$ cat protein-v3.cif   # mmCIF, C-alpha atoms
data_my_file
#
loop_
_atom_site.label_atom_id
_atom_site.label_comp_id
_atom_site.auth_asym_id
_atom_site.auth_seq_id
_atom_site.Cartn_x
_atom_site.Cartn_y
_atom_site.Cartn_z
CA MET Y 25 120.22 101.42 107.98
CA GLY Y 26 116.76 100.16 107.25
CA LEU Y 27 114.90 96.88 107.20
CA LYS Y 28 114.93 95.00 103.94
CA VAL Y 29 111.74 93.26 102.94
CA ILE Y 30 111.82 90.68 100.13
CA ILE Y 31 108.68 90.66 98.01
CA PHE Y 32 107.26 87.67 96.12
CA GLY Y 33 104.64 86.83 93.52
CA ARG Y 34 102.08 89.38 92.44
CA LEU Y 35 103.11 91.69 95.26
CA VAL Y 36 106.15 92.54 93.14
CA ASP Y 37 103.75 94.40 90.83
CA ILE Y 38 102.80 96.60 93.78
CA ALA Y 39 106.06 97.10 95.63
CA GLY Y 40 108.92 95.74 93.48
CA ASN Y 41 111.32 92.90 94.33
CA SER Y 42 112.34 94.37 97.63
CA VAL Y 43 111.52 97.32 99.85
CA THR Y 44 113.59 99.04 102.49
CA VAL Y 45 111.65 100.37 105.44
CA ASP Y 46 113.43 103.01 107.53
CA GLU Y 47 112.29 101.82 110.88
CA ALA Y 48 109.87 99.28 112.28
CA LYS Y 49 110.05 97.90 115.78
CA ASP Y 50 107.74 95.01 115.02
CA THR Y 51 105.81 93.40 112.15
CA ASP Y 52 102.61 95.33 112.90
CA SER Y 53 104.33 98.66 112.49
CA LEU Y 54 106.09 97.32 109.40
CA VAL Y 55 102.74 96.41 107.84
CA ASN Y 56 101.30 99.81 108.75
CA SER Y 57 104.22 101.54 107.16
CA LEU Y 58 104.04 99.39 104.01
CA ASN Y 59 100.29 99.94 103.74
CA LYS Y 60 100.83 103.69 103.82
CA THR Y 61 103.46 103.58 101.08
CA TYR Y 62 101.66 100.93 99.00
CA PRO Y 63 97.90 101.20 99.65
CA ALA Y 64 97.27 98.38 97.14
CA LEU Y 65 98.87 95.95 99.61
CA VAL Y 66 95.93 96.36 101.97
CA ASN Y 67 93.58 94.25 99.88
CA THR Y 68 96.01 91.46 99.06
CA LYS Y 69 96.55 88.15 100.79
CA TYR Y 70 100.04 87.23 101.95
CA VAL Y 71 101.95 85.80 104.87
CA ILE Y 72 104.91 87.44 106.55
CA ALA Y 73 108.07 85.44 107.16
CA VAL Y 74 110.75 86.58 109.57
CA ASN Y 75 114.06 84.76 109.33
CA LYS Y 76 112.50 82.17 107.02
CA LYS Y 77 109.65 81.29 109.34
CA ILE Y 78 106.03 82.30 108.92
CA ILE Y 79 104.81 84.46 111.79
CA ASN Y 80 101.22 84.48 112.99
CA GLN Y 81 101.39 87.27 115.50
CA ASN Y 82 103.09 90.58 115.97
CA THR Y 83 106.83 89.90 116.07
CA VAL Y 84 109.66 92.11 117.26
CA LEU Y 85 112.14 93.01 114.52
CA ASP Y 86 115.78 94.04 114.62
CA THR Y 87 118.11 95.27 111.90
CA ASN Y 88 119.24 91.70 111.16
CA SER Y 89 115.72 90.39 110.64
CA GLU Y 90 115.18 88.89 107.21
CA ILE Y 91 111.62 89.73 106.25
CA ALA Y 92 109.61 88.37 103.33
CA LEU Y 93 106.06 88.86 102.09
CA LEU Y 94 104.68 85.77 100.37
CA PRO Y 95 101.32 85.67 98.59
CA PRO Y 96 99.75 82.34 97.58
CA PHE Y 97 100.54 81.08 94.04
CA SER Y 98 97.90 79.22 92.07
CA GLY Y 99 99.25 78.82 88.54
CA GLY Y 100 100.10 75.47 87.03
CA MET M 22 109.50 42.61 81.81
CA ASP M 23 112.81 41.50 80.30
CA ASN M 24 115.42 42.12 82.97
CA ASN M 25 118.24 42.91 80.53
CA LYS M 26 116.17 45.48 78.73
CA LEU M 27 115.13 46.99 82.04
CA TYR M 28 118.74 47.20 83.16
CA GLU M 29 119.76 48.83 79.93
CA ARG M 30 116.97 51.41 79.96
CA TYR M 31 117.72 52.61 83.48
CA HIS M 32 121.46 51.80 83.42
CA ARG M 33 122.71 55.34 83.82
CA GLN M 34 120.78 55.91 87.04
CA ILE M 35 121.24 52.36 88.36
CA ILE M 36 125.03 52.85 88.34
CA LEU M 37 124.67 55.75 90.77
CA PRO M 38 125.81 54.18 94.05
CA GLU M 39 123.09 55.92 96.12
CA PHE M 40 120.44 54.83 93.68
CA GLY M 41 121.32 51.32 92.49
CA GLU M 42 119.02 48.51 91.43
CA LYS M 43 117.18 48.95 94.71
CA GLY M 44 116.24 52.51 93.82
CA GLN M 45 115.03 51.41 90.41
CA GLN M 46 112.94 48.64 91.94
CA LYS M 47 111.30 51.18 94.25
CA LEU M 48 110.44 53.43 91.29
CA LEU M 49 108.98 50.51 89.34
CA GLN M 50 106.78 49.59 92.28
CA ALA M 51 105.63 53.17 92.95
CA LYS M 52 102.18 54.51 92.06
CA VAL M 53 102.06 58.25 91.41
CA LEU M 54 98.99 60.35 90.59
CA VAL M 55 99.64 63.55 88.64
CA ILE M 56 96.73 65.98 88.91
CA GLY M 57 96.83 68.50 86.09
CA ALA M 58 98.61 67.71 82.80
CA GLY M 59 99.44 71.33 82.05
CA GLY M 60 102.54 73.48 82.49
CA LEU M 61 103.74 71.69 85.63
CA GLY M 62 102.22 68.31 84.79
CA CYS M 63 103.99 67.92 81.42
CA PRO M 64 107.60 67.94 82.69
CA VAL M 65 106.61 65.99 85.81
CA LEU M 66 105.03 63.30 83.61
CA GLN M 67 107.89 63.15 81.11
CA TYR M 68 110.58 62.65 83.73
CA LEU M 69 108.60 60.26 85.91
CA THR M 70 107.76 58.17 82.84
CA ALA M 71 111.38 58.17 81.71
CA ALA M 72 112.60 57.36 85.23
CA GLY M 73 110.38 54.27 85.36
CA ILE M 74 107.65 55.02 87.90
CA GLY M 75 105.66 51.78 87.63
CA THR M 76 102.16 53.23 87.63
CA ILE M 77 101.27 56.80 86.69
CA GLY M 78 97.74 58.22 86.81
CA ILE M 79 96.94 61.45 84.95
CA VAL M 80 93.90 63.53 85.93
CA ASP M 81 92.81 66.39 83.69
CA ASP M 82 89.49 67.28 82.09
CA ASP M 83 90.88 69.99 79.84
CA VAL M 84 91.72 69.85 76.15
CA VAL M 85 94.87 71.14 74.47
CA SER M 86 94.72 74.74 73.19
CA LEU M 87 97.16 76.67 71.03
CA ASN M 88 98.02 79.05 73.90
CA ASN M 89 99.07 76.04 76.04
CA LEU M 90 101.92 75.03 73.74
CA HIS M 91 104.46 77.63 74.90
CA ARG M 92 104.74 75.80 78.22
CA GLN M 93 102.95 72.44 77.93
CA VAL M 94 105.72 70.81 75.96
CA LEU M 95 104.24 67.30 75.68
CA TYR M 96 101.71 68.43 73.10
CA SER M 97 101.92 69.60 69.50
CA VAL M 98 99.58 71.50 67.17
CA ASN M 99 98.00 68.21 66.08
CA ASP M 100 96.74 67.71 69.64
CA ILE M 101 94.70 70.92 69.80
CA GLY M 102 91.15 70.14 70.89
CA LEU M 103 92.07 66.67 72.22
CA SER M 104 91.92 65.50 75.84
CA LYS M 105 95.14 66.34 77.70
CA ALA M 106 94.96 63.26 79.92
CA GLU M 107 94.47 60.91 76.99
CA ARG M 108 97.02 62.58 74.71
CA ALA M 109 99.60 62.69 77.50
CA ALA M 110 99.04 59.00 78.34
CA ASN M 111 99.42 58.08 74.69
CA ILE M 112 102.60 60.09 74.11
CA LEU M 113 104.17 58.94 77.38
CA GLN M 114 103.36 55.29 76.73
CA GLN M 115 105.48 55.53 73.57
CA LEU M 116 108.34 56.92 75.63
CA ASN M 117 108.10 54.01 78.04
CA PRO M 118 105.84 51.10 77.03
CA ASP M 119 106.87 49.02 80.06
CA ILE M 120 105.05 51.07 82.71
CA LYS M 121 101.34 51.42 83.38
CA ILE M 122 99.80 54.80 82.51
CA ILE M 123 96.16 55.52 83.28
CA ALA M 124 94.33 58.56 81.90
CA TYR M 125 91.43 60.04 83.86
CA ASN M 126 89.75 62.45 81.48
CA GLU M 127 87.72 64.06 84.25
CA ARG M 128 87.79 66.97 86.64
CA LEU M 129 88.85 66.28 90.21
CA ILE M 130 85.80 66.98 92.36
CA ASN M 131 84.72 66.03 95.89
CA GLN M 132 82.93 62.94 94.59
CA ASN M 133 85.92 61.33 92.84
CA ALA M 134 88.90 62.83 94.72
CA LEU M 135 89.15 60.37 97.62
CA THR M 136 88.67 57.26 95.48
CA LEU M 137 91.26 58.38 92.94
CA ILE M 138 93.85 59.56 95.43
CA ASP M 139 93.48 56.46 97.59
CA GLU M 140 94.73 54.29 94.69
CA TYR M 141 98.17 55.96 94.66
CA ASP M 142 101.20 56.35 96.96
CA ILE M 143 102.25 59.88 96.05
CA ILE M 144 100.09 62.70 94.74
CA ILE M 145 101.41 65.53 92.60
CA ASP M 146 99.55 68.82 92.51
CA GLY M 147 100.09 70.54 89.18
CA THR M 148 96.68 72.20 89.04
CA ASP M 149 96.00 75.82 88.17
CA ASN M 150 93.38 76.95 90.66
CA PHE M 151 92.98 77.36 94.40
CA SER M 152 89.78 75.36 94.81
CA THR M 153 91.35 72.16 93.46
CA ARG M 154 94.57 72.82 95.38
CA TYR M 155 92.73 73.09 98.70
CA MET M 156 90.69 70.00 97.85
CA ILE M 157 93.84 67.98 97.03
CA ASN M 158 95.53 69.19 100.21
CA ASP M 159 92.59 68.21 102.40
CA ALA M 160 92.18 64.83 100.68
CA CYS M 161 95.89 64.04 101.13
CA VAL M 162 95.74 64.98 104.83
CA LEU M 163 92.63 62.80 105.28
CA LEU M 164 94.12 59.82 103.45
CA ARG M 165 97.68 60.35 104.76
CA LYS M 166 99.16 60.57 101.28
CA SER M 167 102.41 62.35 100.52
CA LEU M 168 101.81 65.43 98.40
CA VAL M 169 104.33 67.05 96.07
CA TYR M 170 103.14 70.62 95.60
CA GLY M 171 104.16 73.07 92.91
CA ALA M 172 102.73 76.39 91.73
CA ILE M 173 103.76 79.26 89.52
CA SER M 174 103.10 82.96 89.19
CA GLN M 175 104.55 85.01 86.32
CA PHE M 176 108.34 84.63 86.75
CA GLU M 177 108.32 82.76 90.06
CA GLY M 178 107.52 79.24 91.11
CA GLN M 179 107.21 77.24 94.31
CA ALA M 180 107.70 73.61 95.28
CA CYS M 181 107.18 71.78 98.55
CA VAL M 182 106.69 68.25 99.89
CA PHE M 183 103.98 67.55 102.45
CA GLN M 184 104.50 64.12 103.96
CA ASN M 185 101.13 63.67 105.67
CA LYS M 186 102.43 60.60 107.48
CA ASN M 187 100.41 61.42 110.54
CA GLY M 188 97.79 63.94 111.56
CA ARG M 189 100.37 66.41 112.86
CA ASP M 190 102.45 66.85 109.72
CA VAL M 191 102.66 70.19 107.95
CA ASN M 192 100.20 70.77 105.10
CA TYR M 193 99.41 73.66 102.76
CA ARG M 194 96.88 75.15 105.19
CA ASP M 195 99.73 75.75 107.62
CA ILE M 196 100.93 78.38 105.16
CA PHE M 197 97.59 79.72 103.93
CA PRO M 198 94.78 78.48 106.21
CA ASP M 199 92.00 79.64 103.90
CA PRO M 200 91.69 80.05 100.15
CA PRO M 201 92.00 83.63 98.96
CA GLN M 202 88.81 85.36 97.98
CA GLU M 203 88.03 86.76 94.58
CA GLY M 204 90.24 89.74 93.82
CA GLU M 205 92.92 88.94 96.41
CA VAL M 206 95.08 87.15 93.82
CA LEU M 207 94.96 86.82 90.06
CA ASN M 208 94.90 83.43 88.37
CA CYS M 209 97.40 82.25 85.81
CA ALA M 210 95.31 83.09 82.76
CA GLU M 211 95.09 86.71 83.88
CA ALA M 212 98.60 86.94 85.22
CA GLY M 213 100.66 85.43 82.43
CA VAL M 214 103.57 83.07 82.86
CA LEU M 215 107.01 82.63 81.32
CA GLY M 216 106.85 79.33 79.41
CA ILE M 217 110.08 77.89 80.78
CA LEU M 218 109.09 78.50 84.41
CA PRO M 219 106.71 75.52 84.88
CA GLY M 220 109.44 73.46 83.19
CA ILE M 221 111.89 74.37 85.95
CA ILE M 222 109.41 73.92 88.79
CA GLY M 223 107.89 70.77 87.25
CA THR M 224 111.30 69.09 86.98
CA MET M 225 111.95 70.03 90.62
CA MET M 226 108.66 68.35 91.52
CA ALA M 227 109.65 65.23 89.55
CA SER M 228 113.02 65.23 91.29
CA GLU M 229 111.35 65.52 94.71
CA THR M 230 109.05 62.63 93.81
CA ILE M 231 111.97 60.40 92.80
CA LYS M 232 113.83 61.27 96.01
CA LEU M 233 110.73 60.57 98.07
CA VAL M 234 110.23 57.15 96.45
CA THR M 235 113.88 56.06 96.58
CA GLY M 236 114.76 57.72 99.88
CA ILE M 237 117.90 59.36 98.51
CA GLY M 238 119.07 62.86 99.36
CA GLU M 239 117.20 65.48 101.32
CA SER M 240 113.62 66.20 100.35
CA LEU M 241 111.84 69.54 100.47
CA ILE M 242 109.75 68.17 103.33
CA ASP M 243 108.14 71.06 105.22
CA GLN M 244 110.17 73.54 103.20
CA LEU M 245 108.61 75.89 100.70
CA LEU M 246 111.11 76.69 97.98
CA THR M 247 110.50 79.76 95.85
CA TYR M 248 112.53 80.28 92.69
CA ASN M 249 112.68 83.48 90.67
CA ALA M 250 113.65 82.94 87.03
CA LEU M 251 114.50 86.63 86.51
CA ASN M 252 117.24 86.88 89.12
CA ASN M 253 117.93 83.20 89.97
CA GLN M 254 117.11 83.86 93.59
CA VAL M 255 116.05 80.86 95.65
CA TYR M 256 114.26 81.41 98.93
CA VAL M 257 113.49 78.47 101.22
CA LEU M 258 110.92 78.95 103.94
CA ASN M 259 110.84 76.54 106.90
CA LEU M 260 107.29 75.48 107.65
CA SER M 261 105.80 74.27 110.88
CA ALA M 262 102.41 72.88 111.81
CA GLN M 263 99.98 75.44 113.23
CA GLU M 264 97.57 74.78 116.04
CA ASN M 265 94.36 75.73 114.29
CA THR M 266 94.97 74.16 110.90
CA ARG M 267 93.39 70.81 111.69
CA SER M 268 90.05 72.44 112.45
CA LEU M 269 89.90 73.77 108.87
CA ILE M 270 90.26 70.34 107.26
CA PRO M 271 87.29 67.98 106.92
CA LYS M 272 87.55 65.29 109.58
CA ASN M 273 86.14 62.42 107.55
CA GLU M 274 84.88 61.39 104.14
CA ASN M 275 81.39 62.74 104.82
CA GLU M 276 82.62 66.19 105.78
CA PHE M 277 84.94 66.17 102.79
CA LEU M 278 82.07 65.40 100.41
CA LYS M 279 80.03 68.25 101.89
CA THR M 280 82.81 70.84 101.65
CA ASP M 281 82.14 73.27 98.84
CA TYR M 282 85.63 74.03 97.54
CA VAL M 283 84.48 76.04 94.56
CA TRP M 284 82.54 78.36 96.83
CA LEU M 285 85.51 78.66 99.20
CA CYS M 286 87.49 80.40 96.52
CA SER M 287 84.90 82.61 94.92
CA THR M 288 83.25 84.56 97.69
CA PRO M 289 82.44 87.99 96.31
CA VAL M 290 84.44 90.89 97.73
CA ASN M 291 81.39 92.80 98.88
CA GLU M 292 80.17 89.85 100.92
CA ALA M 293 80.63 91.47 104.29
CA GLU M 294 79.18 88.79 106.54
CA ILE M 295 81.39 85.97 107.79
CA ASN M 296 80.57 82.84 109.77
CA ALA M 297 82.19 81.63 113.00
CA ASP M 298 84.74 79.40 111.24
CA THR M 299 85.94 82.16 108.95
CA PHE M 300 86.01 84.50 111.92
CA ASN M 301 88.24 82.11 113.88
CA SER M 302 90.70 81.68 111.08
CA MET M 303 90.78 85.41 110.32
CA ILE M 304 91.64 86.35 113.90
CA THR M 305 94.60 83.94 113.84
CA ASN M 306 95.90 85.50 110.62
CA GLY M 307 96.74 88.83 112.22
CA ASN M 308 96.41 92.35 110.77
CA ILE M 309 92.92 92.47 112.17
CA ASP M 310 90.94 94.61 114.60
CA VAL M 311 87.84 93.05 116.14
CA ILE M 312 85.26 95.58 117.33
CA ASP M 313 82.47 94.89 119.80
CA VAL M 314 79.79 97.41 118.80
CA ARG M 315 77.40 96.52 121.65
CA GLU M 316 76.75 98.91 124.56
CA LEU M 317 79.37 98.60 127.28
CA HIS M 318 76.99 96.94 129.76
CA GLU M 319 75.83 94.16 127.47
CA ILE M 320 76.55 90.53 128.21
CA PRO M 321 77.90 87.95 127.52
CA THR M 322 81.33 89.43 128.01
CA VAL M 323 84.02 88.29 125.65
CA SER M 324 87.43 87.15 126.86
CA GLU M 325 88.20 84.52 124.19
CA PHE M 326 89.85 86.93 121.74
CA GLU M 327 91.27 90.44 121.71
CA HIS M 328 88.83 93.15 120.71
CA ILE M 329 88.06 96.83 121.04
CA ARG M 330 84.74 98.07 122.46
CA ILE M 331 83.14 100.89 120.49
CA PRO M 332 79.33 101.07 120.81
CA LEU M 333 77.58 101.58 117.46
CA ALA M 334 76.44 105.12 118.27
CA GLN M 335 80.03 106.22 118.95
CA LEU M 336 81.60 104.45 115.98
CA ILE M 337 82.03 107.44 113.67
CA ASP M 338 83.69 109.56 116.37
CA ASN M 339 86.05 106.77 117.41
CA SER M 340 86.96 105.21 114.08
CA SER M 341 90.57 106.36 114.50
CA MET M 342 90.96 103.64 117.14
CA ILE M 343 90.83 101.11 114.30
CA LYS M 344 94.31 100.55 112.90
CA ALA M 345 94.54 97.16 111.20
CA GLY M 346 93.86 96.50 107.52
CA ASN M 347 91.01 94.11 108.31
CA VAL M 348 88.12 94.86 110.63
CA ILE M 349 85.45 92.54 111.99
CA ALA M 350 82.52 94.02 113.83
CA PHE M 351 80.35 91.90 116.08
CA CYS M 352 77.31 92.48 118.27
CA GLN M 353 74.71 90.29 119.97
CA SER M 354 72.94 88.84 116.92
CA GLY M 355 74.75 90.20 113.87
CA LYS M 356 72.34 93.04 112.98
CA ARG M 357 74.06 96.05 114.53
CA SER M 358 77.46 94.77 113.39
CA LEU M 359 76.20 94.72 109.80
CA GLN M 360 75.19 98.36 110.22
CA ALA M 361 78.58 99.05 111.73
CA ALA M 362 80.27 97.38 108.73
CA LYS M 363 78.36 99.71 106.39
CA ILE M 364 79.39 102.76 108.42
CA LEU M 365 83.04 101.65 108.52
CA ASN M 366 83.05 100.89 104.79
CA GLY M 367 81.87 104.45 104.27
CA ILE M 368 84.72 105.81 106.40
CA PHE M 369 87.57 103.60 105.22
CA GLY M 370 86.57 102.86 101.62
CA LYS M 371 89.03 100.49 100.03
CA SER M 372 91.79 101.11 102.56
CA LYS M 373 90.35 98.50 104.92
CA LYS M 374 88.32 95.33 104.58
CA VAL M 375 85.34 95.33 106.88
CA TYR M 376 83.34 92.26 107.93
CA SER M 377 80.44 91.49 110.20
CA LEU M 378 80.14 88.33 112.29
CA ARG M 379 76.95 86.59 111.17
CA GLY M 380 74.72 85.50 114.07
CA GLY M 381 76.66 87.66 116.49
CA ILE M 382 78.53 86.66 119.62
CA VAL M 383 75.65 84.50 120.84
CA GLU M 384 75.87 82.23 117.80
CA TRP M 385 79.68 82.25 117.96
CA LYS M 386 79.74 81.13 121.61
CA LYS M 387 77.22 78.40 120.85
CA GLN M 388 79.38 77.10 118.01
CA GLN M 389 82.55 77.04 120.13
CA GLN M 390 80.83 74.74 122.63
CA THR M 391 79.91 72.21 119.97
CA VAL M 392 83.42 72.09 118.43
#

$ encode --input "protein-v3.cif" --output "structure tokens"
Amino acid sequence: MGLKVIIFGRLVDIAGNSVTVDEAKDTDSLVNSLNKTYPALVNTKYVIAVNKKIINQNTVLDTNSEIALLPPFSGG
Amino acid sequence: MDNNKLYERYHRQIILPEFGEKGQQKLLQAKVLVIGAGGLGCPVLQYLTAAGIGTIGIVDDDVVSLNNLHRQVLYSVNDIGLSKAERAANILQQLNPDIKIIAYNERLINQNALTLIDEYDIIIDGTDNFSTRYMINDACVLLRKSLVYGAISQFEGQACVFQNKNGRDVNYRDIFPDPPQEGEVLNCAEAGVLGILPGIIGTMMASETIKLVTGIGESLIDQLLTYNALNNQVYVLNLSAQENTRSLIPKNENEFLKTDYVWLCSTPVNEAEINADTFNSMITNGNIDVIDVRELHEIPTVSEFEHIRIPLAQLIDNSSMIKAGNVIAFCQSGKRSLQAAKILNGIFGKSKKVYSLRGGIVEWKKQQQTV
């Protein structure tokens, strides 16, 4: 059982539509783990949503957490 | 206008019980400003014109190009080289001669944004760049105008409604407080876009506008909907107002006029120095380590934000203490921290973004007192 992370926008080019992370107790460790696997993520801008809400600080995760990485879109 | 003709034109939506003649009257009285007559703007404009929005303004300073036609379905090859705003107004007026359509063949800039937006009830953002998007957002917050937002990226698109009824409502800066800097995202021209995608998102935006005007159904208020055309996945994010957002938005017309939106979105990547405002918004964004590179005995002490203390001389030996993807160094006046930023850039290369607080902690503390 891992944590599923849904990926949006240009981040899909880096990490695909979704990523499964083996273990992450909170969002900080999730980001660290993602940055190790996908170094290109480090220099991109995105927000993290947990259970469909944007989080602004380190947030505890459990196996039911629905996690998404959303970059800003500018096209029109 | 001839009432019978009016009834006949809109008959099929008037007979909807939720909508009725009342709904149609509301549409006919509404004034909607569509900013950007491109991929998103075209379908928005077509459906709002057909639905009978009484007054529609179209802002765009661009001309039609051949590579627009795969997604900007209002135009044809005969329109290439002509003003989008004027061509769109002309074509739409033929679709519905009974409504008022005004073309503004100009770019939305600080100097005209507030005057233009103030004339309308609902603003639609169909632009293609971050600087105009942030400007529209801020203007709508300032003027308390409802904003229907839409944006696209390759195979995905987003839509959202920001009500801006009062100063506490959610706005775009509650999602992304600051515009991305050069290199952090690609624009549409570089990224490519499936032609049908703005059609789908644009019609959603038109639908949200009609719901907002008539009051039917449930609007996407404070909800960011993301649609993926490749797998039909829809993801709806619930938004909430953030504490610090208001401080990022100009407080009055004067501040708005002075805000340099173009600069906001094009800061070069190697620009390592940041000011107090940027610093404050960056520390709220997370994924950041703030390093005090002064000697341990130096004052003033800092308790306002979390930070790590590593004096400049010990930085190389202790760089493993720095974990986050973004690093801001600060010192007393901003000189040593700039040195520290250079050292850290040498250690981390592209794996971390390193900044230095301009003016140091002294300047930062001074600025906090005046806010």

$ residues_near_point --input "protein-v3.cif" --point "(80.4, 97.1, 115.7)" --cutoff "10 Å" --atoms "all atoms listed in the file" --output "number ranges by chain"
M: 311-316, 329-336, 348-353, 355-365, 376-378

$ interface_residues --input "protein-v3.cif" --of "chain Y" --to "chain M" --cutoff "9 Å" --atoms "only C-alpha atoms" --output "list of chain:residue names"
Y:Phe32, Y:Gly33, Y:Arg34, Y:Asp52, Y:Val55, Y:Asn56, Y:Asn59, Y:Pro63, Y:Ala64, Y:Val66, Y:Asn67, Y:Thr68, Y:Lys69, Y:Tyr70, Y:Val71, Y:Ala73, Y:Asn75, Y:Lys76, Y:Lys77, Y:Ile78, Y:Asn80, Y:Gln81, Y:Asn82, Y:Pro95, Y:Pro96, Y:Phe97, Y:Ser98, Y:Gly99, Y:Gly100

$ atom_distance --input "protein-v3.cif" --atom1 "CA of Cys161 in chain M" --atom2 "CA of Gly220 in chain M"
24.4 Å

$ closest_residue --input "protein-v3.cif" --among "M:Met225, M:Gln389, M:Ile237, M:Ala250" --to "Phe300 in chain M" --atoms "only C-alpha atoms"
M:Gln389

$ closest_residue --input "protein-v3.cif" --among "Y:Ala92, Y:Tyr62, Y:Lys28, Y:Val84" --to "Lys49 in chain Y" --atoms "all atoms listed in the file"
Y:Val84

$ residues_around --input "protein-v3.cif" --residues "range 41-46 of chain M" --least-positions-apart "3" --cutoff "10 Å" --atoms "all atoms listed in the file" --output "NGL selection string"
:M and (27-28 or 31-38 or 49-51 or 72-75 or 231-232 or 234-237)

$ write_last_selection --input "protein-v3.cif" --atoms "C-alpha atoms" --output "tab-separated table (two decimals), keeping the file's coordinate frame"
chain	number	residue	atom	x	y	z
M	27	LEU	CA	115.13	46.99	82.04
M	28	TYR	CA	118.74	47.20	83.16
M	31	TYR	CA	117.72	52.61	83.48
M	32	HIS	CA	121.46	51.80	83.42
M	33	ARG	CA	122.71	55.34	83.82
M	34	GLN	CA	120.78	55.91	87.04
M	35	ILE	CA	121.24	52.36	88.36
M	36	ILE	CA	125.03	52.85	88.34
M	37	LEU	CA	124.67	55.75	90.77
M	38	PRO	CA	125.81	54.18	94.05
M	49	LEU	CA	108.98	50.51	89.34
M	50	GLN	CA	106.78	49.59	92.28
M	51	ALA	CA	105.63	53.17	92.95
M	72	ALA	CA	112.60	57.36	85.23
M	73	GLY	CA	110.38	54.27	85.36
M	74	ILE	CA	107.65	55.02	87.90
M	75	GLY	CA	105.66	51.78	87.63
M	231	ILE	CA	111.97	60.40	92.80
M	232	LYS	CA	113.83	61.27	96.01
M	234	VAL	CA	110.23	57.15	96.45
M	235	THR	CA	113.88	56.06	96.58
M	236	GLY	CA	114.76	57.72	99.88
M	237	ILE	CA	117.90	59.36	98.51

$ resolve_selection --input "protein-v3.cif" --expression "the PyMOL selection byres ((chain M and resi 268) around 12)" --output "list of chain:residue names"
M:Asp159, M:Gly188, M:Arg189, M:Arg194, M:Asp195, M:Pro198, M:Asp199, M:Gln263, M:Glu264, M:Asn265, M:Thr266, M:Arg267, M:Leu269, M:Ile270, M:Pro271, M:Lys272, M:Asn273, M:Glu276, M:Asp298, M:Thr299, M:Asn301, M:Ser302, M:Gln389, M:Val392

$ atom_distance --input "protein-v3.cif" --atom1 "CA of Asp338 in chain M" --atom2 "CA of Lys386 in chain M"
29.2 Å
